[in-house]
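Peer 1: This is the structure I want to talk about, given as structure tokens.
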Amino acid sequence: MANSIGDFLAPAGYHQPGALSLVRELTVWPEAGRAIRRSLADKRELLGTPYVSRAPQRSIEPVLLVPGFLAGDYTLRLMAHTLRRHGYRTYRSHIHTNVSCLTTNAALLERRLEAIATKRDSRVRIVGHSLGGMLARGLAVRRPDLVSGIITMGSPMMAPGTAHPLLLGAADVLVRLNQVGVPGVMGESCVRGDCARSAWHESRQPIPSGVDFTCIWSAGDGLVDPASCVDPLATSIEVHASHIGMAIDPRVADHVVAELAAQRRTTRAAAPADTA
């Protein structure tokens with residue numbers, strides 16, 4: 001593969017997963033099994049609940065879910081289901097396949113945040129998987145007036161250029177497609193040019209005051225260096241999951257629910273000091 005990824009996206013101290021690391025991703029099958037069992041159990045519970053008691057009390061703060069590279073909103077349906085079951089209002093990103101220019105998707109998500117915040121008269125929390133979490137971190141820096149907190153899952157924000165060769169190869173293919181005129185896919189600027197540099201610079205900015213930040217990572221991640229998913233400015237939570245499995249494993253979803261609740265408690269505790 002041609003070296004299309006900018007060197008600045010692969011700082012020293014991080015390591016690219018080897019070919020054999022893909023074996024770790026095989027745990028996605030039992031993770032999918034757990035997701036199916038949880039879904040069936042939830043349906044049985046719902047059928048056994050009186051109709052008037054089925055709708056949970058909705059959270060004041062809405063939650064926007066952002067999928068990872070090459071993925072779409074469909075990959076976070078199970079996550080959305082779990083969050084709604086616990087009372088959260090969830091919203092899709094409207095990203096069908098996360099392959100577009102980083103700037104384009106960031107602008108799309110910013111408009112989405114504005115619409116949700118206006119509708120709910122509230123700032124929004126973002127849960128992002130992989131590249132979705134990296135986009136969430138940039139949005140938190142750019143629009144703290146819209147974002148109350150972010151939770152990233154397997155997001156290599158510290159060194160995206162050290163991702164598995166399979167992912168970097170996919171990015172290279174997209175760049176080549178862009179070069180021959182295929183619309184709607186990322187170009188060279190997104191992996192080594194101004195677009196990439198702007199996103200990288202934004203991702204290294206401090207998180208604004210009043211915005212909560214949690215990063216979820218796994219030592220069993222087979223597609224990115226686990227260390228690259230741990231931002232020193234965040235509360236870090238280790239889970240046992242594959243990279244792909246973080247989007248579907250109900251055990252990870254339970255961690256997200258717990259962290260959303262913890263973030264809300266932090267926000268409420270800080271509110272008197274902010275208004276004093």
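Going through the structure tokens in order, the chains are called A, B, and so on, while each chain numbers its residues from 1 and the ligands are numbered from 1 in the order shown.
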Using DSSP on the backbone, list every residue of range 69-249 of chain A that comes out as strand (DSSP E), and give them as a PDB file with C-alpha atoms, in the first residue's frame.
Peer 2:
```pdb
ATOM      1  CA  ARG A  89     -33.508   9.895  23.861  1.00  0.00           C
ATOM      2  CA  THR A  90     -31.214   8.681  21.108  1.00  0.00           C
ATOM      3  CA  TYR A  91     -30.625  10.224  17.709  1.00  0.00           C
ATOM      4  CA  ARG A  92     -28.974   8.866  14.572  1.00  0.00           C
ATOM      5  CA  VAL A 124     -26.347  16.913  23.543  1.00  0.00           C
ATOM      6  CA  ARG A 125     -24.157  14.021  24.653  1.00  0.00           C
ATOM      7  CA  ILE A 126     -22.348  12.123  21.889  1.00  0.00           C
ATOM      8  CA  VAL A 127     -21.448   8.437  21.862  1.00  0.00           C
ATOM      9  CA  GLY A 128     -19.041   7.654  19.033  1.00  0.00           C
ATOM     10  CA  HIS A 129     -17.498   4.398  17.884  1.00  0.00           C
ATOM     11  CA  VAL A 147     -22.093  19.311  23.473  1.00  0.00           C
ATOM     12  CA  SER A 148     -22.400  18.447  27.165  1.00  0.00           C
ATOM     13  CA  GLY A 149     -20.254  15.327  27.045  1.00  0.00           C
ATOM     14  CA  ILE A 150     -18.744  12.661  24.819  1.00  0.00           C
ATOM     15  CA  ILE A 151     -18.065   8.943  25.149  1.00  0.00           C
ATOM     16  CA  THR A 152     -15.650   7.396  22.667  1.00  0.00           C
ATOM     17  CA  MET A 153     -15.381   3.650  22.032  1.00  0.00           C
ATOM     18  CA  ASP A 212     -17.490  15.577  30.110  1.00  0.00           C
ATOM     19  CA  PHE A 213     -15.172  13.132  28.349  1.00  0.00           C
ATOM     20  CA  THR A 214     -14.967   9.362  28.744  1.00  0.00           C
ATOM     21  CA  CYS A 215     -12.979   7.022  26.525  1.00  0.00           C
ATOM     22  CA  ILE A 216     -13.765   3.305  26.406  1.00  0.00           C
ATOM     23  CA  TRP A 217     -11.006   1.017  25.162  1.00  0.00           C
ATOM     24  CA  SER A 218     -10.087  -2.657  25.027  1.00  0.00           C
ATOM     25  CA  THR A 235     -11.862   9.279  32.172  1.00  0.00           C
ATOM     26  CA  SER A 236     -10.776   5.918  30.728  1.00  0.00           C
ATOM     27  CA  ILE A 237     -12.775   2.708  31.032  1.00  0.00           C
ATOM     28  CA  GLU A 238     -11.333  -0.634  29.946  1.00  0.00           C
ATOM     29  CA  VAL A 239     -13.743  -3.237  28.585  1.00  0.00           C
TER      30      VAL A 239
END
```
Peer 1: As a PyMOL selection string, which residues of range 111-260 of chain A does DSSP assign to alpha helix (DSSP H)?
Peer 2: chain A and resi 111-120+131-142+165-179+194-203+250-260
Peer 1: Have a look at A:Asp254, A:Glu114, A:Asp231, A:Asp194 and name the one nearest to Arg137 in chain A; count only C-alpha atoms.
Peer 2: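 Of the candidates, the smallest distance to Arg137 in chain A is held by A:Asp231.
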Peer 1: Which residue gives the smallest distance to Ala170 in chain A among A:Cys195, A:Val211, A:Ser4, A:Leu47, with only C-alpha atoms counted?
Peer 2: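 Closest candidate: A:Ser4.
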Peer 1: Can you list, as JSON, numbers by chain, every protein, DNA or RNA residue that comes within 8 Å of Asp225 in chain A when you count only C-alpha atoms, leaving out same-chain residues fewer than 6 positions away?
Peer 2: {"A": [14, 15, 16, 17, 156, 162, 163]}
Peer 1: Store the residues of this selection in a file with N, CA and C atoms, as an mmCIF file, in the first residue's frame.
Peer 2:
```
data_model
loop_
_atom_site.group_PDB
_atom_site.id
_atom_site.type_symbol
_atom_site.label_atom_id
_atom_site.label_comp_id
_atom_site.auth_asym_id
_atom_site.auth_seq_id
_atom_site.Cartn_x
_atom_site.Cartn_y
_atom_site.Cartn_z
ATOM 1 N N TYR A 14 3.390 4.764 19.694
ATOM 2 C CA TYR A 14 2.221 3.930 19.409
ATOM 3 C C TYR A 14 2.593 2.894 18.364
ATOM 4 N N HIS A 15 1.887 1.773 18.374
ATOM 5 C CA HIS A 15 2.281 0.645 17.538
ATOM 6 C C HIS A 15 1.116 0.174 16.677
ATOM 7 N N GLN A 16 1.425 -0.122 15.445
ATOM 8 C CA GLN A 16 0.417 -0.625 14.519
ATOM 9 C C GLN A 16 0.163 -2.103 14.782
ATOM 10 N N PRO A 17 -1.108 -2.505 14.906
ATOM 11 C CA PRO A 17 -1.402 -3.929 15.098
ATOM 12 C C PRO A 17 -0.877 -4.744 13.912
ATOM 13 N N PRO A 156 -9.077 5.748 18.030
ATOM 14 C CA PRO A 156 -7.629 5.947 18.103
ATOM 15 C C PRO A 156 -7.223 7.406 17.923
ATOM 16 N N THR A 162 -1.772 4.797 13.083
ATOM 17 C CA THR A 162 -1.206 3.498 13.447
ATOM 18 C C THR A 162 -2.265 2.400 13.446
ATOM 19 N N ALA A 163 -3.409 2.656 12.829
ATOM 20 C CA ALA A 163 -4.450 1.636 12.744
ATOM 21 C C ALA A 163 -3.958 0.451 11.917
#
```
Peer 1: Could you tell me which of A:Arg112, A:Ala261, A:Ala241, A:Val256 comes closest to Glu31 in chain A if we count only C-alpha atoms?
Peer 2: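 Checking each candidate against Glu31 in chain A, we get A:Ala241 as the closest.
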Peer 1: Can you pull out every residue within 12 Å of Ala71 in chain A, counting only C-alpha atoms, but drop anything in the same chain fewer than 5 positions away, and send it as a ChimeraX atom specification?
Peer 2: /A:66,76-77,93-100,128-132,244,247
Peer 1: Limited to N, CA and C atoms, could you put the picked residues into a file as a PDB file, in the first residue's frame?
Peer 2:
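Contents of the output file selection-v2.pdb:
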```pdb
ATOM      1  N   VAL A  66     -22.772   8.132  16.835  1.00  0.00           N
ATOM      2  CA  VAL A  66     -21.999   8.327  15.603  1.00  0.00           C
ATOM      3  C   VAL A  66     -21.203   7.062  15.288  1.00  0.00           C
ATOM      4  N   LEU A  76     -25.132   0.840  15.237  1.00  0.00           N
ATOM      5  CA  LEU A  76     -25.347   1.254  16.621  1.00  0.00           C
ATOM      6  C   LEU A  76     -26.813   1.123  17.037  1.00  0.00           C
ATOM      7  N   ARG A  77     -27.563   0.332  16.291  1.00  0.00           N
ATOM      8  CA  ARG A  77     -28.975   0.138  16.638  1.00  0.00           C
ATOM      9  C   ARG A  77     -29.142  -0.534  17.991  1.00  0.00           C
ATOM     10  N   SER A  93     -27.001   9.709  13.488  1.00  0.00           N
ATOM     11  CA  SER A  93     -26.131  10.735  12.911  1.00  0.00           C
ATOM     12  C   SER A  93     -26.539  11.109  11.495  1.00  0.00           C
ATOM     13  N   HIS A  94     -27.286  10.224  10.843  1.00  0.00           N
ATOM     14  CA  HIS A  94     -27.629  10.331   9.415  1.00  0.00           C
ATOM     15  C   HIS A  94     -26.421  10.045   8.522  1.00  0.00           C
ATOM     16  N   ILE A  95     -25.427   9.339   9.086  1.00  0.00           N
ATOM     17  CA  ILE A  95     -24.299   8.865   8.294  1.00  0.00           C
ATOM     18  C   ILE A  95     -24.607   7.430   7.877  1.00  0.00           C
ATOM     19  N   HIS A  96     -24.765   7.216   6.580  1.00  0.00           N
ATOM     20  CA  HIS A  96     -25.108   5.876   6.085  1.00  0.00           C
ATOM     21  C   HIS A  96     -23.873   4.993   5.975  1.00  0.00           C
ATOM     22  N   THR A  97     -22.763   5.570   5.546  1.00  0.00           N
ATOM     23  CA  THR A  97     -21.487   4.870   5.494  1.00  0.00           C
ATOM     24  C   THR A  97     -20.403   5.906   5.761  1.00  0.00           C
ATOM     25  N   ASN A  98     -19.639   5.728   6.813  1.00  0.00           N
ATOM     26  CA  ASN A  98     -18.678   6.746   7.239  1.00  0.00           C
ATOM     27  C   ASN A  98     -17.407   6.671   6.388  1.00  0.00           C
ATOM     28  N   VAL A  99     -17.527   7.193   5.158  1.00  0.00           N
ATOM     29  CA  VAL A  99     -16.394   7.187   4.235  1.00  0.00           C
ATOM     30  C   VAL A  99     -16.162   8.565   3.623  1.00  0.00           C
ATOM     31  N   SER A 100     -16.972   9.534   4.005  1.00  0.00           N
ATOM     32  CA  SER A 100     -16.891  10.858   3.394  1.00  0.00           C
ATOM     33  C   SER A 100     -15.745  11.677   3.985  1.00  0.00           C
ATOM     34  N   GLY A 128     -19.616   7.937  20.330  1.00  0.00           N
ATOM     35  CA  GLY A 128     -19.041   7.654  19.033  1.00  0.00           C
ATOM     36  C   GLY A 128     -18.165   6.425  19.034  1.00  0.00           C
ATOM     37  N   HIS A 129     -18.311   5.600  18.024  1.00  0.00           N
ATOM     38  CA  HIS A 129     -17.498   4.398  17.884  1.00  0.00           C
ATOM     39  C   HIS A 129     -16.370   4.657  16.890  1.00  0.00           C
ATOM     40  N   SER A 130     -15.133   4.350  17.276  1.00  0.00           N
ATOM     41  CA  SER A 130     -13.976   4.447  16.390  1.00  0.00           C
ATOM     42  C   SER A 130     -13.866   5.855  15.795  1.00  0.00           C
ATOM     43  N   LEU A 131     -13.933   5.996  14.467  1.00  0.00           N
ATOM     44  CA  LEU A 131     -13.852   7.314  13.838  1.00  0.00           C
ATOM     45  C   LEU A 131     -14.961   8.232  14.336  1.00  0.00           C
ATOM     46  N   GLY A 132     -16.106   7.649  14.680  1.00  0.00           N
ATOM     47  CA  GLY A 132     -17.208   8.451  15.210  1.00  0.00           C
ATOM     48  C   GLY A 132     -16.835   9.151  16.500  1.00  0.00           C
ATOM     49  N   ILE A 244     -14.731  -4.172  16.637  1.00  0.00           N
ATOM     50  CA  ILE A 244     -16.077  -4.167  16.057  1.00  0.00           C
ATOM     51  C   ILE A 244     -17.120  -4.424  17.134  1.00  0.00           C
ATOM     52  N   ALA A 247     -19.364  -1.888  19.344  1.00  0.00           N
ATOM     53  CA  ALA A 247     -20.606  -1.288  18.865  1.00  0.00           C
ATOM     54  C   ALA A 247     -21.824  -2.152  19.175  1.00  0.00           C
TER      55      ALA A 247
END
```
